[in-house]
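Data file: run.txt. Format and content: compact mmCIF, C-alpha atoms.
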```txt
# COMPACT_ATOMS: atom_id res chain seq x y z
CA MET A 1258 -12.86 13.52 -5.73
CA ARG A 1259 -14.79 12.88 -2.54
CA PHE A 1260 -14.85 9.51 -0.82
CA SER A 1261 -15.72 8.00 2.54
CA ILE A 1262 -15.00 4.82 4.47
CA LYS A 1263 -17.69 2.63 6.03
CA LEU A 1264 -16.77 0.11 8.73
CA LYS A 1265 -18.47 -3.22 8.04
CA ASP A 1266 -17.05 -5.53 10.66
CA VAL A 1267 -14.17 -6.00 13.11
CA VAL A 1268 -13.22 -9.55 14.01
CA GLU A 1269 -10.57 -10.17 16.67
CA ASP A 1270 -9.72 -13.81 17.31
CA GLU A 1271 -8.62 -14.51 20.88
CA LYS A 1272 -6.77 -17.70 19.95
CA THR A 1273 -4.44 -16.22 17.34
CA GLY A 1274 -4.77 -12.46 17.91
CA ALA A 1275 -5.95 -11.95 14.33
CA LEU A 1276 -7.58 -8.56 13.75
CA VAL A 1277 -9.70 -8.35 10.59
CA ARG A 1278 -11.15 -4.90 9.82
CA ALA A 1279 -13.56 -5.26 6.92
CA VAL A 1280 -14.50 -1.86 5.48
CA ASP A 1281 -16.06 -0.40 2.33
CA LEU A 1282 -14.73 2.48 0.25
CA LEU A 1283 -17.70 4.62 -0.80
CA LEU A 1284 -17.33 6.64 -4.01
CA PRO A 1285 -19.93 8.47 -6.09
CA GLY A 1286 -22.02 5.70 -7.62
CA ARG A 1287 -20.08 2.71 -6.30
CA SER A 1288 -18.89 0.84 -3.22
CA VAL A 1289 -15.70 -1.22 -3.04
CA SER A 1290 -14.90 -3.82 -0.40
CA LEU A 1291 -11.46 -3.09 1.04
CA TYR A 1292 -9.71 -6.27 2.11
CA MET A 1293 -7.32 -7.42 -0.58
CA LYS A 1294 -3.86 -7.64 -2.08
CA ILE A 1295 -3.45 -5.22 -5.01
CA PRO A 1296 -1.51 -6.98 -7.79
CA ARG A 1297 1.30 -5.52 -9.84
CA HIS A 1298 -0.02 -7.17 -13.01
CA ASP A 1299 -3.52 -7.20 -14.50
CA ILE A 1300 -5.25 -10.37 -13.29
CA ASP A 1301 -8.71 -9.58 -14.67
CA ARG A 1302 -8.02 -11.59 -17.84
CA PHE A 1303 -7.90 -14.68 -15.63
CA SER A 1304 -11.07 -13.80 -13.71
CA SER A 1305 -13.09 -16.52 -15.47
CA ILE A 1306 -10.65 -19.04 -14.03
CA SER A 1307 -10.10 -17.55 -10.59
CA SER A 1308 -13.40 -15.71 -9.94
CA ILE A 1309 -11.23 -12.92 -8.50
CA VAL A 1310 -11.63 -9.37 -9.84
CA ILE A 1311 -9.59 -6.58 -8.22
CA PRO A 1312 -11.42 -3.22 -8.50
CA ILE A 1313 -8.44 -1.12 -7.37
CA ASN A 1314 -5.47 -0.19 -9.54
CA GLU A 1315 -2.33 1.36 -8.08
CA ALA A 1316 -0.42 3.55 -10.53
CA TYR A 1317 3.14 4.08 -9.28
CA ILE A 1318 4.82 7.09 -10.92
CA ARG A 1319 8.48 7.92 -10.33
CA LEU A 1320 9.83 11.32 -11.41
CA ASN A 1321 12.56 13.77 -10.51
CA TYR A 1322 12.17 17.54 -10.19
CA GLU A 1323 14.00 18.22 -13.45
CA GLU A 1324 11.45 16.11 -15.34
CA ILE A 1325 8.55 17.96 -13.72
CA ASN A 1326 10.12 21.32 -14.55
CA LYS A 1327 10.54 20.20 -18.17
CA ILE A 1328 6.90 19.05 -18.38
CA ASN A 1329 5.71 22.36 -16.91
CA ARG A 1330 7.69 24.37 -19.50
CA ASP A 1331 6.93 22.31 -22.61
CA ASN A 1332 3.42 21.35 -23.74
CA GLY A 1333 4.86 18.65 -25.98
CA GLU A 1334 6.53 17.03 -22.97
CA LYS A 1335 3.28 17.36 -21.02
CA HIS A 1336 1.28 15.56 -23.72
CA ARG A 1337 3.94 12.84 -23.99
CA PHE A 1338 3.87 12.31 -20.22
CA ILE A 1339 0.07 12.11 -20.10
CA ASN A 1340 -0.42 9.95 -23.19
CA SER A 1341 2.63 7.68 -23.04
CA TYR A 1342 3.36 7.37 -19.30
CA LEU A 1343 0.49 8.35 -17.02
CA GLY A 1344 -2.45 7.30 -19.20
CA PRO A 1345 -1.37 3.66 -19.73
CA LYS A 1346 -0.97 3.19 -15.97
CA LEU A 1347 -4.59 4.24 -15.28
CA ARG A 1348 -7.11 1.52 -16.12
CA LYS A 1349 -10.64 1.90 -17.36
CA ASP A 1350 -13.45 1.13 -14.87
CA LYS A 1351 -10.99 0.81 -11.97
CA VAL A 1352 -10.53 2.83 -8.79
CA ASN A 1353 -7.21 4.37 -9.85
CA VAL A 1354 -4.80 5.40 -7.09
CA PRO A 1355 -1.83 7.32 -8.58
CA ILE A 1356 1.09 7.48 -6.13
CA VAL A 1357 3.85 9.83 -7.27
CA ASP A 1358 7.42 9.51 -5.96
CA ILE A 1359 9.37 12.71 -6.72
CA ARG A 1360 13.12 12.52 -6.24
CA VAL A 1361 15.03 15.73 -5.52
CA ASP A 1362 18.74 16.21 -4.81
CA LYS A 1363 18.21 19.00 -2.24
CA LYS A 1364 15.46 20.65 -0.23
CA PRO A 1365 13.06 22.28 -2.74
CA SER A 1366 12.61 26.04 -2.64
CA GLU A 1367 9.19 27.64 -2.21
CA LYS A 1368 8.96 28.17 -5.98
CA GLU A 1369 9.89 24.54 -6.64
CA MET A 1370 7.27 23.37 -4.13
CA GLU A 1371 4.65 25.40 -5.99
CA GLN A 1372 5.75 23.92 -9.32
CA ILE A 1373 5.48 20.38 -7.90
CA SER A 1374 2.03 21.11 -6.43
CA GLN A 1375 0.72 22.65 -9.65
CA PHE A 1376 2.01 19.68 -11.65
CA ILE A 1377 0.30 17.19 -9.31
CA VAL A 1378 -3.02 19.08 -9.41
CA ASP A 1379 -3.02 20.07 -13.11
CA VAL A 1380 -1.71 16.83 -14.59
CA VAL A 1381 -2.17 13.88 -12.21
CA TYR A 1382 -5.27 14.87 -10.23
CA SER A 1383 -7.01 16.33 -13.29
CA HIS A 1384 -6.71 13.19 -15.41
CA PRO A 1385 -10.26 11.85 -15.99
CA LYS A 1386 -9.27 8.33 -14.90
CA THR A 1387 -7.78 9.45 -11.55
CA THR A 1388 -10.08 8.36 -8.72
CA LEU A 1389 -8.30 8.99 -5.41
CA LEU A 1390 -6.01 11.93 -4.72
CA VAL A 1391 -2.76 11.06 -2.92
CA PRO A 1392 -0.12 13.58 -1.79
CA PRO A 1393 3.18 12.92 -3.60
CA LYS A 1394 6.16 11.46 -1.80
CA ILE A 1395 9.21 13.73 -1.77
CA THR A 1396 12.35 11.57 -1.73
CA LEU A 1397 15.51 13.39 -0.65
CA PRO A 1398 19.00 11.82 -0.65
CA ASP A 1399 19.67 9.25 2.10
CA GLU A 1400 22.20 11.49 3.85
CA VAL A 1401 19.57 14.21 4.54
CA ASP A 1402 18.41 14.18 8.15
CA VAL A 1403 14.99 12.59 8.76
CA SER A 1404 13.72 15.73 10.48
CA GLU A 1405 14.56 17.73 7.34
CA LYS A 1406 12.70 15.19 5.21
CA TYR A 1407 9.64 15.47 7.44
CA ASN A 1408 9.71 19.27 7.40
CA THR A 1409 9.96 19.24 3.59
CA PHE A 1410 6.95 16.93 3.37
CA LYS A 1411 4.93 19.17 5.73
CA VAL A 1412 5.69 22.24 3.60
CA LEU A 1413 4.62 20.33 0.49
CA LEU A 1414 1.31 19.34 2.11
CA LYS A 1415 0.55 22.96 2.97
CA THR A 1416 1.53 24.15 -0.51
CA LEU A 1417 -0.58 21.40 -2.08
CA SER A 1418 -3.57 22.38 0.08
CA ARG A 1419 -3.33 26.00 -1.09
CA THR A 1420 -3.09 24.87 -4.72
CA LEU A 1421 -6.17 22.67 -4.36
CA GLU A 1422 -8.17 25.53 -2.84
CA THR A 1423 -7.27 27.73 -5.79
CA TYR A 1424 -8.14 25.17 -8.45
CA GLN A 1425 -10.99 22.98 -7.19
CA GLY A 1426 -12.28 24.24 -3.86
CA SER A 1427 -13.09 21.51 -1.36
CA VAL A 1428 -11.47 18.16 -2.21
CA LYS A 1429 -10.32 15.25 -0.09
CA LEU A 1430 -6.85 13.74 0.00
CA CYS A 1431 -5.85 10.29 1.13
CA HIS A 1432 -3.49 10.36 4.12
CA PHE A 1433 -0.05 9.45 2.74
CA VAL A 1434 2.68 8.58 5.26
CA PRO A 1435 6.19 8.36 3.71
CA ASP A 1436 8.63 5.76 5.05
CA TYR A 1437 10.87 8.44 6.62
CA ILE A 1438 8.12 9.55 9.03
CA THR A 1439 9.25 8.42 12.49
CA ARG A 1440 7.03 7.11 15.27
CA THR A 1441 7.55 10.30 17.29
CA VAL A 1442 6.06 12.55 14.57
CA LEU A 1443 3.52 10.14 13.07
CA PRO A 1444 0.78 11.22 15.56
CA GLU A 1445 1.37 14.87 14.59
CA LEU A 1446 1.05 14.01 10.88
CA ILE A 1447 -2.15 12.01 11.46
CA GLU A 1448 -3.57 14.91 13.46
CA TYR A 1449 -2.78 17.30 10.59
CA TYR A 1450 -4.60 15.07 8.09
CA VAL A 1451 -7.62 14.57 10.35
CA SER A 1452 -7.91 18.30 11.08
CA ASN A 1453 -7.59 19.37 7.44
CA PHE A 1454 -9.13 16.51 5.46
CA GLY A 1455 -11.45 14.73 7.88
CA GLY A 1456 -11.48 11.47 9.80
CA ASP A 1457 -12.91 9.25 7.05
CA ALA A 1458 -9.45 8.24 5.92
CA LEU A 1459 -7.60 5.95 3.58
CA VAL A 1460 -4.20 5.97 5.31
CA ILE A 1461 -1.50 4.96 2.81
CA LEU A 1462 1.52 3.81 4.82
CA ASP A 1463 4.75 3.63 2.82
CA VAL A 1464 6.89 0.70 4.07
CA ASN A 1465 9.54 1.06 1.33
CA GLY A 1466 9.82 -2.60 0.37
CA GLU A 1467 9.93 -3.95 3.93
CA ARG A 1468 8.16 -7.03 5.24
CA PHE A 1469 5.31 -6.61 7.72
CA SER A 1470 6.87 -8.91 10.32
CA ALA A 1471 10.15 -6.97 10.07
CA GLY A 1472 8.59 -3.97 11.85
CA SER A 1473 5.75 -2.45 9.83
CA TYR A 1474 3.27 -3.76 12.42
CA SER A 1475 4.62 -1.08 14.78
CA ASP A 1476 3.47 1.85 12.61
CA VAL A 1477 0.17 0.11 11.83
CA SER A 1478 -0.47 -0.26 15.57
CA LEU A 1479 0.31 3.41 16.13
CA ILE A 1480 -2.15 4.43 13.40
CA HIS A 1481 -4.85 2.31 15.07
CA ARG A 1482 -4.10 3.98 18.38
CA GLU A 1483 -4.18 7.50 16.95
CA MET A 1484 -7.48 6.86 15.19
CA SER A 1485 -8.92 5.46 18.40
CA ARG A 1486 -7.67 8.48 20.34
CA ASN A 1487 -9.51 10.71 17.84
CA ASN A 1488 -12.66 8.52 18.14
CA ILE A 1489 -12.45 7.59 14.46
CA GLU A 1490 -13.68 4.18 13.32
CA THR A 1491 -14.16 4.88 9.63
CA TYR A 1492 -10.65 4.45 8.25
CA ALA A 1493 -8.64 1.93 6.26
CA ILE A 1494 -4.90 1.23 6.16
CA TYR A 1495 -3.15 0.62 2.85
CA LEU A 1496 0.44 -0.71 2.89
CA PHE A 1497 2.33 0.86 -0.01
CA SER A 1498 5.39 -0.90 -1.51
CA HIS A 1499 5.12 -3.96 0.71
CA LYS A 1500 7.35 -7.02 0.41
CA GLY A 1501 5.07 -10.06 0.45
CA ARG A 1502 7.52 -12.69 1.65
CA MET A 1503 10.94 -13.14 3.21
CA ARG A 1504 13.97 -14.48 1.41
CA SER A 1505 14.36 -18.14 2.29
CA ARG A 1506 14.95 -21.51 0.69
CA ARG A 1507 12.24 -23.10 2.80
CA GLU A 1508 8.52 -22.52 3.27
CA VAL A 1509 7.61 -19.18 4.88
CA PRO A 1510 4.33 -17.44 5.88
CA SER A 1511 2.72 -14.89 3.56
CA GLU A 1512 3.67 -11.42 4.78
CA ASP A 1513 0.63 -10.00 2.94
CA LEU A 1514 -1.78 -12.15 4.94
CA LEU A 1515 0.09 -11.43 8.17
CA ALA A 1516 -0.52 -7.73 7.49
CA LEU A 1517 -4.20 -8.21 6.59
CA LEU A 1518 -4.70 -10.15 9.84
CA ASN A 1519 -3.19 -7.37 11.92
CA GLY A 1520 -5.53 -4.56 10.96
CA VAL A 1521 -4.38 -3.70 7.42
CA ASN A 1522 -7.03 -3.46 4.69
CA LEU A 1523 -5.08 -3.15 1.45
CA VAL A 1524 -1.60 -4.36 0.51
CA GLY A 1525 0.14 -2.94 -2.54
CA PRO A 1526 2.98 -4.48 -4.59
CA ASN A 1527 6.64 -3.96 -3.80
CA HIS A 1528 8.33 -1.11 -5.73
CA ARG A 1529 11.73 -1.24 -4.04
CA VAL A 1530 14.41 -2.58 -6.36
CA ILE A 1531 17.44 -4.22 -4.73
CA ARG A 1532 20.22 -3.98 -7.29
CA LEU A 1533 22.73 -6.83 -7.36
CA PRO A 1534 26.43 -6.22 -8.16
CA ARG A 1535 27.31 -6.57 -11.83
CA GLY A 1536 27.82 -10.21 -12.78
CA VAL A 1537 25.96 -11.54 -9.73
CA VAL A 1538 22.89 -13.61 -10.55
CA GLU A 1539 20.15 -14.13 -7.97
CA THR A 1540 19.75 -17.86 -7.33
CA ARG A 1541 16.89 -18.00 -4.83
CA PRO A 1542 14.14 -20.39 -5.97
CA ASN A 1543 10.71 -19.29 -7.13
CA LYS A 1544 8.08 -19.36 -4.39
CA ILE A 1545 4.51 -20.61 -4.83
CA PHE A 1546 1.75 -19.65 -2.38
CA ASN A 1547 -0.38 -22.52 -1.07
CA GLU A 1548 -3.91 -21.73 0.17
CA GLY A 1549 -3.99 -24.81 2.39
CA ASP A 1550 -1.60 -23.43 5.01
CA PHE A 1551 -0.93 -19.79 3.93
CA LEU A 1552 2.74 -20.59 3.25
CA PHE A 1553 5.08 -19.88 0.34
CA TYR A 1554 6.99 -22.95 -0.86
CA PRO A 1555 10.01 -23.33 -3.15
CA GLU A 1556 8.65 -24.44 -6.50
CA ASP A 1557 10.16 -27.92 -6.25
CA LYS A 1558 8.44 -28.52 -2.88
CA ALA A 1559 5.08 -26.76 -3.36
CA PRO A 1560 1.99 -28.96 -2.83
CA ASN A 1561 0.26 -27.07 -5.67
CA ALA A 1562 3.22 -27.05 -8.09
CA LYS A 1563 1.23 -28.98 -10.71
CA GLU A 1564 -1.61 -26.43 -10.56
CA PHE A 1565 0.89 -23.62 -11.12
CA GLN A 1566 2.49 -25.44 -14.06
CA ASN A 1567 -0.93 -25.74 -15.70
CA PHE A 1568 -1.60 -22.06 -14.99
CA CYS A 1569 1.68 -21.09 -16.68
CA THR A 1570 0.41 -22.42 -20.00
CA LEU A 1571 -2.06 -19.48 -20.10
CA GLY A 1572 0.68 -16.87 -20.39
CA LYS A 1573 4.16 -16.33 -21.80
CA ARG A 1574 6.60 -15.16 -19.10
CA LYS A 1575 6.92 -17.55 -16.18
CA ASN A 1576 7.92 -14.91 -13.60
CA GLU A 1577 4.91 -12.75 -14.45
CA MET A 1578 2.59 -15.77 -14.34
CA LEU A 1579 4.02 -16.69 -10.94
CA GLU A 1580 3.19 -13.24 -9.53
CA ILE A 1581 -0.34 -13.40 -10.99
CA PHE A 1582 -0.91 -16.93 -9.68
CA ASN A 1583 0.25 -16.00 -6.17
CA ASP A 1584 -1.81 -12.79 -6.09
CA ILE A 1585 -4.94 -14.68 -7.13
CA LYS A 1586 -4.39 -17.31 -4.43
CA ILE A 1587 -3.61 -14.72 -1.73
CA ASN A 1588 -6.77 -12.78 -2.59
CA THR A 1589 -8.81 -15.98 -2.50
CA SER A 1590 -7.54 -16.55 1.05
CA ALA A 1591 -8.12 -12.90 2.01
CA ILE A 1592 -11.74 -12.98 0.87
CA SER A 1593 -12.35 -16.16 2.87
CA LEU A 1594 -10.61 -14.72 5.92
CA SER A 1595 -12.72 -11.57 5.83
CA LYS A 1596 -15.80 -13.80 6.18
CA GLU A 1597 -14.63 -16.50 8.62
CA SER A 1598 -11.18 -15.69 9.95
CA ALA A 1599 -11.30 -17.65 13.21
CA GLU A 1600 -12.61 -20.80 11.55
CA MET A 1601 -10.01 -20.73 8.77
CA LEU A 1602 -7.11 -20.08 11.13
CA SER A 1603 -8.13 -22.85 13.52
CA ALA A 1604 -8.25 -25.25 10.56
CA LEU A 1605 -4.68 -24.58 9.39
CA LYS A 1606 -2.63 -27.77 9.27
CA ARG A 1607 0.80 -26.17 9.69
CA PRO A 1608 1.71 -24.06 12.75
CA GLU A 1609 4.24 -21.73 11.04
CA PHE A 1610 1.65 -19.14 9.99
CA CYS A 1611 -0.30 -19.12 13.26
CA ASN A 1612 2.86 -18.91 15.36
CA MET A 1613 4.10 -15.90 13.41
CA LEU A 1614 0.63 -14.34 13.62
CA LYS A 1615 0.50 -14.83 17.40
CA SER A 1616 3.95 -13.25 17.79
CA ILE A 1617 3.06 -10.15 15.77
CA ALA A 1618 -0.38 -9.84 17.37
CA LYS A 1619 1.22 -9.89 20.83
CA LYS A 1620 3.64 -7.11 19.85
CA ARG A 1621 0.75 -5.15 18.34
CA GLN A 1622 -1.27 -5.37 21.55
CA ASN A 1623 1.73 -4.30 23.65
CA LEU A 1624 2.33 -1.29 21.40
CA ILE A 1625 -1.30 -0.21 21.50
CA GLN A 1626 -1.31 -0.39 25.29
CA GLN A 1627 1.87 1.68 25.67
CA LYS A 1628 1.59 5.36 26.40
CA SER A 1629 2.54 7.76 23.64
CA LEU A 1630 6.09 9.11 24.02
CA SER A 1631 4.70 12.65 24.05
CA LEU A 1632 3.04 11.97 27.42
CA PHE A 1633 6.42 11.69 29.11
CA PHE A 1634 7.57 15.21 28.18
```
Could I get this structure in the form of structure tokens?
Amino acid sequence: MRFSIKLKDVVEDEKTGALVRAVDLLLPGRSVSLYMKIPRHDIDRFSSISSIVIPINEAYIRLNYEEINKINRDNGEKHRFINSYLGPKLRKDKVNVPIVDIRVDKKPSEKEMEQISQFIVDVVYSHPKTTLLVPPKITLPDEVDVSEKYNTFKVLLKTLSRTLETYQGSVKLCHFVPDYITRTVLPELIEYYVSNFGGDALVILDVNGERFSAGSYSDVSLIHREMSRNNIETYAIYLFSHKGRMRSRREVPSEDLLALLNGVNLVGPNHRVIRLPRGVVETRPNKIFNEGDFLFYPEDKAPNAKEFQNFCTLGKRKNEMLEIFNDIKINTSAISLSKESAEMLSALKRPEFCNMLKSIAKKRQNLIQQKSLSLFF
């Protein structure tokens, strides 16, 4: 599948440091505006209420090598995987973005790399509902050195490129950046993608369940700098597995909006599961997002708690309805911000969001102005 990115507008607010990059994703026969939070759950069934329709669907697929090897050797297993696992994750009439996380217990051999690549191309990329092609993430055990993880990912990219040439000729991959890619090698990886797959890029940055204000802004800033160094304007940044808010019993800013106002275009749902010890029950209160000040509130203190309670009557599970409600409200704010960011930010009644935004924007500017570490060697 071929795609391109078109830059629509860049708005940088001097007062807050907000940086809104509004872009379009151009696909054969359609154009999609890229400035949104991608929900975990389907919110289209509430579109008549919210007037929010999300055209992009992220399909997160977790496998291990043994499962891939089994699928490759058994047509019955292949059909079960496609019809019962992959197919239901890909939605009709959506821009489907399958992101595959493959867990291995040791560095894959050359033969294993080829098996993984052939599986990705033959099964995932070839599915008729797949829209964008994303290199798989190879997840090695935590104790493996980060340089070994990076080298493994580089070998996979080269193997995948050879497989694609054999099967489909010229195709275009999104630029996937796993969470174990360090700042010192990120420029090299971006350069590889640009050289082999072009500058029109959807850069999918894996933040592994971290919050934007906890450090993800640093890698986002580096991507902006590398694209600028390559004279590329037509790109978009997609945060994969992003944590939308911090743990707290008081009101806190939306991490999703902080990311969108620091040069990110798309924010995906969090896939990182933090397992609690057996018998321990999580007691943190539910958080409701309020459009009026871009803050999350504990349910018992939220200004729009009554609105959420009414919304809950439309579904069955309260936790799922909470996620849908928050994603609708965040996207409503994002759409407004993409049109009039400075005006909306200046009208905020509470300083918590703007103060956090100013702090991150200042760090972002300092990082962009710094020289690359490679220049000192």
- prompt: Which value, in Å to one decimal, gives the distance between CA of Leu1264 in chain A and CA of Ile1309 in chain A?
  reply: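 Distance reported for this atom pair: 22.3 Å.
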Give me the range 1464-1500 of chain A side of the contact with range 1348-1363 of chain A, cut-off 12 Å, one line per residue showing its nearest atom pair and distance in Å at one decimal, counting all atoms listed in the file, sorted by chain and residue number, as JSON lines.
```
{"residue": "A:Asn1465", "atom": "CA", "partner": "A:Asp1358", "partner_atom": "CA", "distance": 11.4}
{"residue": "A:Tyr1495", "atom": "CA", "partner": "A:Val1354", "partner_atom": "CA", "distance": 11.2}
{"residue": "A:Phe1497", "atom": "CA", "partner": "A:Ile1356", "partner_atom": "CA", "distance": 9.1}
{"residue": "A:Ser1498", "atom": "CA", "partner": "A:Ile1356", "partner_atom": "CA", "distance": 10.5}
```
C-alpha atoms of the current selection, written as a short mmCIF file (atom, residue, chain, number, x, y, z; two decimals), in the coordinates of the input:
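Resulting contents of out-v6.cif:
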```cif
data_model
loop_
_atom_site.label_atom_id
_atom_site.label_comp_id
_atom_site.auth_asym_id
_atom_site.auth_seq_id
_atom_site.Cartn_x
_atom_site.Cartn_y
_atom_site.Cartn_z
CA ASN A 1465 9.54 1.06 1.33
CA TYR A 1495 -3.15 0.62 2.85
CA PHE A 1497 2.33 0.86 -0.01
CA SER A 1498 5.39 -0.90 -1.51
#
```
Which of these residues is nearest to Arg1468 in chain A, using only C-alpha atoms: A:Ile1581, A:Met1503, A:Leu1624, A:Ile1489?
->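 Using only C-alpha atoms, the shortest distance to Arg1468 in chain A belongs to A:Met1503.
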Inset, instruction - Determine the nearest neighbour of Val1280 in chain A from the options A:Asn1547, A:Ile1377, A:Ile1300, A:Ala1493, counting all atoms listed in the file. - result: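 With all atoms listed in the file as the atom set, the closest residue is A:Ala1493.
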Of the candidates A:Met1613, A:Ile1545, A:Glu1577, A:Ile1325, which one gets nearest to Phe1565 in chain A if we count all atoms listed in the file?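 Closest to Phe1565 in chain A of all the choices is A:Ile1545.
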- prompt: Using all atoms listed in the file, what residues lie at most 12 Å away from (-14.0, 8.8, 15.4) (file coordinates), given as a PyMOL selection string?
  reply: chain A and resi 1262-1264+1451+1455-1458+1481-1492
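Across the structure, CA of Glu1422 in chain A and CA of Lys1368 in chain A are spaced 17.6 Å apart.
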With only C-alpha atoms as the basis for distance, which of A:Tyr1322, A:Tyr1382, A:Phe1582, A:Phe1610 is at the shortest distance from Pro1296 in chain A?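 Residue with the minimum atom-to-atom distance to Pro1296 in chain A: A:Phe1582.
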- Task: Identify which of the residues A:Leu1523, A:Leu1552, A:Ile1480, A:Leu1413 lies closest to Asn1314 in chain A, counting only C-alpha atoms when measuring atom-to-atom distances.
- Result: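 For Asn1314 in chain A, the nearest of the given residues is A:Leu1523.
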re CA of Asp1557 in chain A and CA of Cys1611 in chain A: distance 23.8 Å
One residue among A:Leu1459, A:Gln1622, A:Glu1556, A:Asn1543 is nearest to Asn1576 in chain A when using all atoms listed in the file, and that residue is A:Asn1543
